[in-house]
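Q: Okay, handing you the structure first.
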Amino acid sequence: MANENEIKKALNASIAPEEFDWEAFEKESVYDVDRAVIAEQYDKTLSKVTENEVVEGTVTSVNKKEVVVNIGYKSEGVIATTEFRYNPDIKVGDKVEVYVQTAENKNGQLILSHKKARAMHSWDLVNEAYNKDEIVKGYIKTRTKGGMIVDVFGIEAFLPGSQIDVKPIRDYDQFVDTTMDLKIVKINPEFRNVVVSHKALIEAEIEAQKSEIMSKLEKGQVLEGIVKNVTDYGVFVDLGGVDGLIHITDLSWGRINHPKEIVELDQKINVVILDFDEGKKRIALGLKQLTPHPWDALDKDLKVGDKVKGKVVLVQDYGAFVEVEPGVEGLIHVSEMSWSPRLRIAQDFLKVGDEVEAQILTLDRDEKKMSLGLKQLVENPWENIREKYPVGSQHSATVRNITSFGVFAELEEGIEGLVHISDLSWNKIKHPSEVVAPGDKLDVVILDFDEENHKLSLGHKQLLPNPWEQIEKDYPVGTVVEGKVTELGDKAATIALSADVEAVCPLKELVKEDGTTPVAGDTLQFKVIDLKRNSRKLTVSHLKTYAAPAPKAEKAEKPASEADVAKKAVKKINESVEKTTLGDIDALAALKDQLAK
């Protein structure tokens with residue numbers, strides 16, 4: 001048996017591994033003793049590793065699936081590459097923190113986790129980065145409503161869509177599974193919510209660029225830009241670090257409904273600077289100003305009275321705008337669309353897109369204004385109105401409008417007249433709608449004209465027999481007739497004498513013989529006590545059908561006093577004074593003496 005010294009010599013000797021007697025080493029008890037010593041000495045050269053602790057390690061190998069980390073232990077730990085997605089630039093030699101899950105599993109392998117190591121003090125890292133205003137790396141995991149979910153130090157942070165870039169982002173999905181430099185802009189300690197921004201990192205640089213660009217701007221300067229965003233009210237153009245706005249009214253000399261009719265996203269265009277505010281970093285741009293104004297190219301021979309053709313581009317209640325040439329518009333006021341005096345809206349005549357021919361009514365080249373008319377191209381029906389519709393002539397009209405005071409009826413396009421409520425029916429009515437409705441055909445007679453104001457008075461009842469002539473014959477005062485109580489009012493009741501004839505009975509004249517008051521629906525005898533044709537009012541009484549008229553009291557004659565006798569005598573003298581002759585003077589003198597006594 002070899003002694004201990006020999007074994008040591010053998011161990012210390014430079015013996016090739018293939019020449020070493022491993023079988024003897026494993027069998028000899030002395031080797032067992034020395035192996036434990038050697039293992040103990042070897043363990044002293046290794047780091048002490050405690051499970052469930054966070055330690056620092058060095059990356060020794062990196063591939064697509066795994067990252068190998070050495071923490072100074074007898075075996076190295078293998079960590080999945082997915083735990084380093086936030087840092088795709090990791091390389092051999094980098095220092096990383098790892099969490100020791102198991103010092104040695106059944107296969108003798110060290111189990112580490114970088115994700116858990118980050119999570120254990122991630123909140124401290126987040127707060128430290130926030131307080132120091134540091135730039136952090138974040139791995140964009142997925143898209144969510146309004147932005148992105150980002151892994152920062154193992155914590156899920158929110159990256160709003162508006163904070164991804166200084167320009168609007170149209171495709172959020174392009175950032176998923178990428179790493180981005182971020183700045184922590186907001187922390188909620190209570191709920192441990194973190195908001196990050198990429199835009200904040202580049203805003204400072206952009207502000208410097210804006211200041212430099214703004215200092216070089218001049219009104220009237222023409223620049224090239226890229227369409228950055230298109231909205232309903234205008235177009236935002238990137239001028240190379242600073243944005244300007246082309247309002248929709250400055251895109252085209254002609255009328256447009258939306259800016260996308262003129263430009264599209266990412267299009268390169270030339271613009272002119274109309275105005276700018278260096279303090280507010282606002283720039284007003286123009287596109288149409290780069291081309292001549294269409295009014296300047298308008299035919300010099302065009303004048304008032306000429307006919308022009310155009311397309312309706314806008315319709316309002318008060319009128320329609322017609323584009324006679326690109327960028328040159330004229331207004332057709334609603335009053336110039338028809339000879340009809342009836343109040344109407346432009347939508348009744350025209351709609352957007354209509355091709356029309358009109359006459360120029362006014363033309364102001366300096367103010368760039370033009371007014372047009374449609375009705376001037378057709379004959380004015382009021383020019384020969386008296387010949388076509390003489391007073392007393394009968395016609396058929398169409399009810400167009402109903403008011404409380406009468407009915408407007410149209411004889412033809414442009415010719416309307418008013419049938420006053422008093423000329424609509426021989427019977428008394430409260431509202432014209434009791435007789436006619438819009439759209440009805442109505443027979444009318446021409447009553448009067450107001451040619452200057454294009455007004456025409458019409459009548460309808462004049463074409464019908466006057467029922468009151470027959471009523472006067474059928475219901476003379478004193479006639480007793482049967483009637484039905486149809487309505488009870490506060491002061492009088494309405495009595496139907498026939499299908500077409502109604503009368504009024506004062507309540508005091510409605511009392512029955514037994515002292516009660518009739519109710520609606522009762523049929524009674526009535527006596528006609530008054531008839532007024534002008535006011536078309538027939539008054540009746542039930543009381544007078546059974547109550548005898550009270551006899552008139554005769555006045556008792558008082559004995560004539562001497563004074564009354566004298567007065568009568570004087571009156572008689574005065575009445576006959578004209579017949580007095582000179583021969584009667586003596587008799588009169590005697591009578592005077594007698595009266596004096």
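Residue numbering restarts at 1 for every chain of the structure tokens, chains are lettered A, B, ... in their displayed order, and ligands are numbered from 1 as they appear.
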Taking 3 positions as the minimum chain separation for residues in the same chain, which residues sit within 12 Å of stretch 483-496 of chain A when counting only C-alpha atoms? Answer as a PyMOL selection string.
A: chain A and resi 480+499-511+517-528+537-542
Q: Point out the residue among A:Arg282, A:Leu302, A:Lys260, A:Gln267 with the least atom-to-atom distance to A:Glu224, counting only C-alpha atoms.
A: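 Smallest separation from A:Glu224 among the options: A:Gln267.
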Q: Mind checking DSSP for stretch 174-334 of chain A and telling me the strand (DSSP E or B) residues as a ChimeraX atom specification?
A: /A:179-188,193-197,222-230,234-238,243-247,268-277,282-286,307-316,319-325,328-333
Q: As a PyMOL selection string, please: the residues near stretch 164-175 of chain A (cut-off 6 Å, only C-alpha atoms, same-chain neighbours under 3 positions excluded).
A: chain A and resi 161+178+198-199
Q: For the alpha helix (DSSP H) assignment from backbone DSSP, which residues of stretch 148-369 of chain A qualify? Please present them as a list of chain:residue names.
A: A:Lys199, A:Ala200, A:Leu201, A:Ile202, A:Glu203, A:Ala204, A:Glu205, A:Ile206, A:Glu207, A:Ala208, A:Gln209, A:Lys210, A:Ser211, A:Glu212, A:Ile213, A:Met214
Q: Please provide as a PyMOL selection string all residues within 12 Å of A:Ile429, with the sequence filter that same-chain residues fewer than 5 positions apart are discarded (counting only C-alpha atoms).
A: chain A and resi 404-406+420-424+434-436+536
Q: Tell me, as an MDAnalysis selection string, which residues lie within 12 Å of A:Glu451, counting only C-alpha atoms; anything in the same chain fewer than 5 positions away does not count.
A: chainID A and resid 341 380:386 389 415:417 456:457
Q: A:Glu156: which residues within 12 Å, counting only C-alpha atoms, same-chain residues fewer than 2 positions away excluded, as a ChimeraX atom specification?
A: /A:86,119,122-123,126,138-142,148-154,158-159,192-196
Q: What's around stretch 366-375 of chain A at 7 Å? Count only C-alpha atoms, leave out sequence neighbours fewer than 3 positions away in its own chain, and write the answer as a PDB file with all heavy atoms, in the first residue's frame.
A:
```
ATOM      1  N   TRP A 295     -60.217  84.954 -59.694  1.00  0.00           N
ATOM      2  CA  TRP A 295     -60.926  86.167 -60.081  1.00  0.00           C
ATOM      3  C   TRP A 295     -60.064  87.034 -61.008  1.00  0.00           C
ATOM      4  O   TRP A 295     -60.585  87.778 -61.844  1.00  0.00           O
ATOM      5  CB  TRP A 295     -61.333  86.953 -58.847  1.00  0.00           C
ATOM      6  CG  TRP A 295     -62.671  86.543 -58.291  1.00  0.00           C
ATOM      7  CD1 TRP A 295     -62.918  85.538 -57.420  1.00  0.00           C
ATOM      8  CD2 TRP A 295     -63.931  87.136 -58.609  1.00  0.00           C
ATOM      9  NE1 TRP A 295     -64.262  85.455 -57.160  1.00  0.00           N
ATOM     10  CE2 TRP A 295     -64.913  86.430 -57.867  1.00  0.00           C
ATOM     11  CE3 TRP A 295     -64.329  88.177 -59.422  1.00  0.00           C
ATOM     12  CZ2 TRP A 295     -66.264  86.735 -57.928  1.00  0.00           C
ATOM     13  CZ3 TRP A 295     -65.685  88.495 -59.486  1.00  0.00           C
ATOM     14  CH2 TRP A 295     -66.640  87.778 -58.751  1.00  0.00           C
ATOM     15  N   GLU A 329     -67.229  82.092 -57.397  1.00  0.00           N
ATOM     16  CA  GLU A 329     -68.587  81.700 -57.017  1.00  0.00           C
ATOM     17  C   GLU A 329     -69.522  82.898 -57.057  1.00  0.00           C
ATOM     18  O   GLU A 329     -69.104  84.043 -56.844  1.00  0.00           O
ATOM     19  CB  GLU A 329     -68.608  81.098 -55.608  1.00  0.00           C
ATOM     20  CG  GLU A 329     -67.866  79.788 -55.477  1.00  0.00           C
ATOM     21  CD  GLU A 329     -67.898  79.238 -54.064  1.00  0.00           C
ATOM     22  OE1 GLU A 329     -68.586  79.863 -53.208  1.00  0.00           O
ATOM     23  OE2 GLU A 329     -67.256  78.217 -53.792  1.00  0.00           O
ATOM     24  N   GLY A 330     -70.793  82.612 -57.309  1.00  0.00           N
ATOM     25  CA  GLY A 330     -71.833  83.628 -57.248  1.00  0.00           C
ATOM     26  C   GLY A 330     -72.956  83.133 -56.353  1.00  0.00           C
ATOM     27  O   GLY A 330     -73.200  81.926 -56.247  1.00  0.00           O
ATOM     28  N   LEU A 331     -73.650  84.058 -55.702  1.00  0.00           N
ATOM     29  CA  LEU A 331     -74.737  83.708 -54.794  1.00  0.00           C
ATOM     30  C   LEU A 331     -76.088  83.941 -55.462  1.00  0.00           C
ATOM     31  O   LEU A 331     -76.344  85.039 -55.979  1.00  0.00           O
ATOM     32  CB  LEU A 331     -74.656  84.531 -53.509  1.00  0.00           C
ATOM     33  CG  LEU A 331     -75.857  84.415 -52.562  1.00  0.00           C
ATOM     34  CD1 LEU A 331     -75.990  82.995 -52.019  1.00  0.00           C
ATOM     35  CD2 LEU A 331     -75.753  85.422 -51.419  1.00  0.00           C
ATOM     36  N   ILE A 332     -76.905  82.913 -55.460  1.00  0.00           N
ATOM     37  CA  ILE A 332     -78.303  83.069 -55.887  1.00  0.00           C
ATOM     38  C   ILE A 332     -79.139  83.146 -54.618  1.00  0.00           C
ATOM     39  O   ILE A 332     -79.327  82.139 -53.932  1.00  0.00           O
ATOM     40  CB  ILE A 332     -78.784  81.880 -56.746  1.00  0.00           C
ATOM     41  CG1 ILE A 332     -77.854  81.650 -57.938  1.00  0.00           C
ATOM     42  CG2 ILE A 332     -80.206  82.130 -57.229  1.00  0.00           C
ATOM     43  CD1 ILE A 332     -78.245  80.457 -58.789  1.00  0.00           C
ATOM     44  N   GLU A 336     -84.321  85.360 -55.478  1.00  0.00           N
ATOM     45  CA  GLU A 336     -84.058  85.435 -56.910  1.00  0.00           C
ATOM     46  C   GLU A 336     -84.235  84.079 -57.596  1.00  0.00           C
ATOM     47  O   GLU A 336     -83.833  83.912 -58.747  1.00  0.00           O
ATOM     48  CB  GLU A 336     -82.634  85.952 -57.163  1.00  0.00           C
ATOM     49  CG  GLU A 336     -82.319  87.303 -56.543  1.00  0.00           C
ATOM     50  CD  GLU A 336     -83.202  88.414 -57.103  1.00  0.00           C
ATOM     51  OE1 GLU A 336     -83.744  88.233 -58.209  1.00  0.00           O
ATOM     52  OE2 GLU A 336     -83.351  89.445 -56.431  1.00  0.00           O
ATOM     53  N   MET A 337     -84.830  83.128 -56.879  1.00  0.00           N
ATOM     54  CA  MET A 337     -85.024  81.797 -57.455  1.00  0.00           C
ATOM     55  C   MET A 337     -86.410  81.617 -58.061  1.00  0.00           C
ATOM     56  O   MET A 337     -86.611  80.761 -58.916  1.00  0.00           O
ATOM     57  CB  MET A 337     -84.782  80.722 -56.389  1.00  0.00           C
ATOM     58  CG  MET A 337     -83.342  80.643 -55.909  1.00  0.00           C
ATOM     59  SD  MET A 337     -83.084  79.334 -54.700  1.00  0.00           S
ATOM     60  CE  MET A 337     -81.338  79.509 -54.369  1.00  0.00           C
ATOM     61  N   SER A 338     -87.373  82.404 -57.591  1.00  0.00           N
ATOM     62  CA  SER A 338     -88.739  82.265 -58.085  1.00  0.00           C
ATOM     63  C   SER A 338     -89.457  83.595 -57.971  1.00  0.00           C
ATOM     64  O   SER A 338     -89.149  84.419 -57.102  1.00  0.00           O
ATOM     65  CB  SER A 338     -89.487  81.188 -57.276  1.00  0.00           C
ATOM     66  OG  SER A 338     -90.860  81.180 -57.588  1.00  0.00           O
ATOM     67  N   TRP A 339     -90.459  83.806 -58.879  1.00  0.00           N
ATOM     68  CA  TRP A 339     -91.265  85.013 -58.814  1.00  0.00           C
ATOM     69  C   TRP A 339     -92.308  84.931 -57.707  1.00  0.00           C
ATOM     70  O   TRP A 339     -92.972  85.912 -57.402  1.00  0.00           O
ATOM     71  CB  TRP A 339     -91.981  85.243 -60.149  1.00  0.00           C
ATOM     72  CG  TRP A 339     -91.051  85.616 -61.260  1.00  0.00           C
ATOM     73  CD1 TRP A 339     -90.682  84.860 -62.319  1.00  0.00           C
ATOM     74  CD2 TRP A 339     -90.367  86.867 -61.408  1.00  0.00           C
ATOM     75  NE1 TRP A 339     -89.809  85.540 -63.126  1.00  0.00           N
ATOM     76  CE2 TRP A 339     -89.600  86.794 -62.592  1.00  0.00           C
ATOM     77  CE3 TRP A 339     -90.319  88.056 -60.669  1.00  0.00           C
ATOM     78  CZ2 TRP A 339     -88.805  87.834 -63.048  1.00  0.00           C
ATOM     79  CZ3 TRP A 339     -89.530  89.094 -61.122  1.00  0.00           C
ATOM     80  CH2 TRP A 339     -88.791  88.979 -62.288  1.00  0.00           C
ATOM     81  N   ALA A 358     -77.780  80.838 -64.907  1.00  0.00           N
ATOM     82  CA  ALA A 358     -78.296  81.999 -64.179  1.00  0.00           C
ATOM     83  C   ALA A 358     -77.830  83.276 -64.858  1.00  0.00           C
ATOM     84  O   ALA A 358     -76.939  83.273 -65.713  1.00  0.00           O
ATOM     85  CB  ALA A 358     -77.832  81.962 -62.726  1.00  0.00           C
ATOM     86  N   GLN A 359     -78.470  84.358 -64.428  1.00  0.00           N
ATOM     87  CA  GLN A 359     -78.129  85.682 -64.974  1.00  0.00           C
ATOM     88  C   GLN A 359     -77.360  86.472 -63.928  1.00  0.00           C
ATOM     89  O   GLN A 359     -77.669  86.433 -62.729  1.00  0.00           O
ATOM     90  CB  GLN A 359     -79.398  86.430 -65.355  1.00  0.00           C
ATOM     91  CG  GLN A 359     -79.128  87.754 -66.069  1.00  0.00           C
ATOM     92  CD  GLN A 359     -80.422  88.461 -66.453  1.00  0.00           C
ATOM     93  OE1 GLN A 359     -81.361  88.517 -65.666  1.00  0.00           O
ATOM     94  NE2 GLN A 359     -80.486  88.976 -67.660  1.00  0.00           N
ATOM     95  N   ILE A 360     -76.320  87.184 -64.372  1.00  0.00           N
ATOM     96  CA  ILE A 360     -75.527  88.001 -63.456  1.00  0.00           C
ATOM     97  C   ILE A 360     -76.328  89.242 -63.090  1.00  0.00           C
ATOM     98  O   ILE A 360     -76.717  90.026 -63.957  1.00  0.00           O
ATOM     99  CB  ILE A 360     -74.182  88.401 -64.095  1.00  0.00           C
ATOM    100  CG1 ILE A 360     -73.361  87.153 -64.419  1.00  0.00           C
ATOM    101  CG2 ILE A 360     -73.411  89.324 -63.163  1.00  0.00           C
ATOM    102  CD1 ILE A 360     -72.053  87.457 -65.130  1.00  0.00           C
ATOM    103  N   LEU A 361     -76.559  89.418 -61.781  1.00  0.00           N
ATOM    104  CA  LEU A 361     -77.307  90.584 -61.292  1.00  0.00           C
ATOM    105  C   LEU A 361     -76.369  91.691 -60.832  1.00  0.00           C
ATOM    106  O   LEU A 361     -76.606  92.869 -61.104  1.00  0.00           O
ATOM    107  CB  LEU A 361     -78.237  90.167 -60.153  1.00  0.00           C
ATOM    108  CG  LEU A 361     -79.249  89.050 -60.464  1.00  0.00           C
ATOM    109  CD1 LEU A 361     -80.113  88.782 -59.250  1.00  0.00           C
ATOM    110  CD2 LEU A 361     -80.098  89.416 -61.672  1.00  0.00           C
ATOM    111  N   THR A 362     -75.305  91.312 -60.115  1.00  0.00           N
ATOM    112  CA  THR A 362     -74.283  92.279 -59.703  1.00  0.00           C
ATOM    113  C   THR A 362     -72.918  91.627 -59.874  1.00  0.00           C
ATOM    114  O   THR A 362     -72.770  90.410 -59.739  1.00  0.00           O
ATOM    115  CB  THR A 362     -74.459  92.714 -58.232  1.00  0.00           C
ATOM    116  OG1 THR A 362     -74.277  91.584 -57.364  1.00  0.00           O
ATOM    117  CG2 THR A 362     -75.821  93.315 -57.996  1.00  0.00           C
ATOM    118  N   LEU A 363     -71.890  92.456 -60.126  1.00  0.00           N
ATOM    119  CA  LEU A 363     -70.524  91.947 -60.336  1.00  0.00           C
ATOM    120  C   LEU A 363     -69.547  92.973 -59.789  1.00  0.00           C
ATOM    121  O   LEU A 363     -69.478  94.097 -60.271  1.00  0.00           O
ATOM    122  CB  LEU A 363     -70.275  91.698 -61.822  1.00  0.00           C
ATOM    123  CG  LEU A 363     -68.906  91.132 -62.216  1.00  0.00           C
ATOM    124  CD1 LEU A 363     -68.693  89.761 -61.583  1.00  0.00           C
ATOM    125  CD2 LEU A 363     -68.778  91.040 -63.731  1.00  0.00           C
ATOM    126  N   VAL A 378     -86.894  83.385 -66.776  1.00  0.00           N
ATOM    127  CA  VAL A 378     -88.265  83.002 -67.141  1.00  0.00           C
ATOM    128  C   VAL A 378     -89.141  84.253 -67.086  1.00  0.00           C
ATOM    129  O   VAL A 378     -88.811  85.244 -66.432  1.00  0.00           O
ATOM    130  CB  VAL A 378     -88.826  81.909 -66.188  1.00  0.00           C
ATOM    131  CG1 VAL A 378     -88.015  80.636 -66.309  1.00  0.00           C
ATOM    132  CG2 VAL A 378     -88.845  82.403 -64.742  1.00  0.00           C
TER     133      VAL A 378
END
```
Q: Suppose you want the space between atom CA of A:Gln101 and atom CA of A:Glu53; what is it in Å?
A: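 Computed distance, atom CA of A:Gln101 to atom CA of A:Glu53, equals 7.8 Å.
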Q: Nearest to A:Ala397 among A:Glu379, A:Asp177, A:Asp364, A:Asp440, with distances taken over only C-alpha atoms: which residue is it?
A: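 Of A:Glu379, A:Asp177, A:Asp364, A:Asp440, the one nearest A:Ala397 is A:Asp440, counting only C-alpha atoms.
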Q: For A:Ile79, which residue among A:Ala208, A:Val62, A:Met120, A:Ile471 is the nearest when counting only C-alpha atoms?
A: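 Smallest separation from A:Ile79 among the options: A:Val62.
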Q: For atom CA of A:Leu251 and atom CA of A:Gly310, determine how far apart the two atoms are, in Å to one decimal place.
A: 21.3 Å
